[in-house]
Every structure is written in structure tokens, then in C-alpha cells.
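Engineer: A single structure is presented below for examination.
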Amino acid sequence: MEVGNMSSNVWFLIVGFSDIEQLRVPLFVAFLGIYVLTLVGNLLILAVICSNLHLHTPMYFFLSNLSIVDITYTSIVFPQMFADFFLQHIHVSLKSCLLVVYFFMFMLSTEILLLTVMALDRYVAICDPLRYPAVMNKDVCIRLAAGSWLLSLLMPLAHILLLSELSFCEPHTINHFFCDVAALMKLACSDTGRIERLNYIMGAIYTVMSFLLIVVSYINIASSILKMKSKGGRQKAVSTCASHLTVVVLFYVSLCSTYMRPASTYSLKGNKIMSLSYIAVTPLLNPIIYTLKNTEFKKALKKKGIKQMSAGILVISGQGNP
């Protein structure tokens, strides 16, 4: 195989799902439906939270940040996937590929930190409810959210620097539906040892440490719930935490099974399918999981729907301003 020099002249061919031509139309329809539902679900969460003062609490503030992350990183991947269904042969430059890698890692890192912050918020709310308003005040919540975004903004820089120093073997064909770090490493002709070590280090710092914080938080939460004398209080606490815990399990299982393993075990087709779990499925399920059993949110959504319907009737009847 020929070695491609690392320069702005290097272009990659994104294979996507063009290798299964017979399923092209059904897959396009399915992914388009998933993307639209993801956008609608997360935008609905943002709209309801922003328009209802009763939901201006730390839990819903962090949930709105999580919705922004889900909207952003699905919007990074899905448009390129849709273009692949129509054009079938998508060529992207090295610079464009690295840009996609950067923003995608940025969003994934932000989601990891936000899920951790949300676990800490639930820990304080259940284990120390009397001090909760003082501990999780507006300034603290803003700093925690801003810190999650800013730290994640810096995290991908080392990966981008090391990837930009690699040489790639021809043909420059990425058997994936977007520029993924693992897929790029598979094409590299030069040594990828430093990137693999970086993956483990950053995985330990971000993924493992964050997960351990979540586990410790929930061990203490479970202990506090078992000590509650009120059955209604226990049910409310369990209901509040169950949604977040479900999202955490779905996200971490799919993420770790895709990235936290040696490059020698990397399977192009296998990872392409596994990536769909955290790129497509998790952002779609997040709004459903967080709102399905959330009585407070459902009341706010119902109230907002009634108000909008009333306003529409007034406009139609000429008794209100359009």
C-alpha cells in the first residue's frame, strides 16, 4: 500500500452504508425518522423548561444542557450520513475530518461531565435536602455547567495534534459513516501507540473517574433512600434517580464497548453498528426516559399545550393578536 503524506491534500472516502445498497432507502427513512424525533424531543424539553418557571431548578437546568449536547452531536453526524445515502461516495479533506473529530469528541466529553454533575446534584438533593438550595444555588449550577463545557473544549486538542502527525495508507477509505478516531487510526501507516495511550489516559480521567463518581453518588443515594421512613418519599426519590441512572447505563455501556479496548480488536463493521447506539439511540431515548415518568414535566407540558391551544383559538376568532 502507498503511504499518503499528511497534508491538506489528503482526502478520505466515507463508505457509510453504501456497501448494503439494497437497504439504502429503508435505512435513510429510519435514520431520518430518528434524527427528526431526536430534534423534536430535545427541543421540546428546552422549550418547556425555558417557558415554565417551576422547572427552573438545577435538575432541569442540567437536563437542558444535556439536550443541547444531544442536538449538537447528532447534527454533526446525521447530515453527513444523509448525504452519503444520496451521493454514495463522500470525500472529505483531512482538515474537515479533524474538525468533525474535534467537535464530536467535544460533545461526548461534555455529555460525560454533565451526566456526572447531574448525579452529584441528585446526591445533594436526596442525601442533604436541607442544604440543597444553598449548595446547588444558581451560581454553582452555572459554574458546574460552564466548567463541563470549557474542560471538554480543551480535551480533544491532544487527539487532534497526534492525528495530524500521522501518515495514512492508500486507499484513504473510512469504513464508517463519519470521521471517527478509531477508524482513522485503522488507516494509519505510522505508529499509533501514542494515540492509543492517550485514549486510555483520557478514558481513565474522563470516563472511568466520572463513572466512579456516579457510582459513589448512587451508593450514598441508595443508602439514604433505604433510611427514609416515608413510602412516598422513597418512591419520589427512586423515580427521580431512575431516569438519570438508565441514561448513564445506556451511554457508558455503548461508549466503553466501542472505544475502551485495544486497536487490535477493532472491527470496522462492528464499531460502525455499535456507534449507532450512542449516536442515534441514546439521544433519541434521553427525552423519553427523562419525561415519561416525570409528573412535574408532564404537567408543565400539558399546561403549555393548553395555553398554546387557547392562544390559537383566540387568534383564529379574531380576539387575540397573532
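For the C-alpha cells, the naming scheme is as follows: chains receive sequential letters (A, B, ...) according to their order of presentation, residues are indexed from 1 within each chain, and ligands are indexed from 1 in presentation order.
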Using only C-alpha atoms, determine which residues lie at most 9 Å from region 289-303 of chain A, disregarding the query and same-chain residues fewer than 4 positions distant; provide the list as a list in words.

Structural biologist: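 Contacts, in chain order: Leu44, Ile45, Val48, Ile49, Asn52, His54, Leu55, Leu63, Ser239, Thr240, Ala242, Ser243, His244, Thr246, Val247, Leu285, Lys307 and Gln308 of chain A.
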
Engineer: Grab the residues selected above and save them as an mmCIF file, in the first residue's frame with C-alpha atoms.

Structural biologist:
data_model
loop_
_atom_site.group_PDB
_atom_site.id
_atom_site.type_symbol
_atom_site.label_atom_id
_atom_site.label_comp_id
_atom_site.auth_asym_id
_atom_site.auth_seq_id
_atom_site.Cartn_x
_atom_site.Cartn_y
_atom_site.Cartn_z
ATOM 1 C CA LEU A 44 -39.470 20.217 23.307
ATOM 2 C CA ILE A 45 -37.578 19.704 26.566
ATOM 3 C CA VAL A 48 -40.923 23.521 28.201
ATOM 4 C CA ILE A 49 -38.086 24.170 30.658
ATOM 5 C CA ASN A 52 -42.042 27.229 32.847
ATOM 6 C CA HIS A 54 -41.449 25.871 38.108
ATOM 7 C CA LEU A 55 -38.847 23.952 36.112
ATOM 8 C CA LEU A 63 -31.116 18.481 31.616
ATOM 9 C CA SER A 239 -38.421 7.919 40.355
ATOM 10 C CA THR A 240 -36.166 10.976 40.170
ATOM 11 C CA ALA A 242 -34.148 6.073 37.854
ATOM 12 C CA SER A 243 -34.253 8.201 34.695
ATOM 13 C CA HIS A 244 -30.723 9.507 35.117
ATOM 14 C CA THR A 246 -30.934 4.490 32.982
ATOM 15 C CA VAL A 247 -29.374 7.101 30.686
ATOM 16 C CA LEU A 285 -34.255 7.872 24.234
ATOM 17 C CA LYS A 307 -52.097 27.707 26.699
ATOM 18 C CA GLN A 308 -50.924 27.400 23.100
#

Engineer: What's the 9 Å shell around Met185 (chain A), counting only C-alpha atoms, without same-chain residues fewer than 6 positions away, as an MDAnalysis selection string?

Structural biologist: chainID A and resid 163 166 168 192 195:196 263

Engineer: Nearest residue to Met202 (chain A) out of A:Ala188, A:Met59, A:Leu39, A:Ala158, using only C-alpha atoms?

Structural biologist: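 Once distances to Met202 (chain A) are computed over only C-alpha atoms, the minimum belongs to A:Ala158.
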
Engineer: Please give the complete set of residues from region 18-93 of chain A that DSSP, run on the backbone, assigns to alpha helix (DSSP H), formatted as a ChimeraX atom specification.

Structural biologist: /A:24-51,58-87
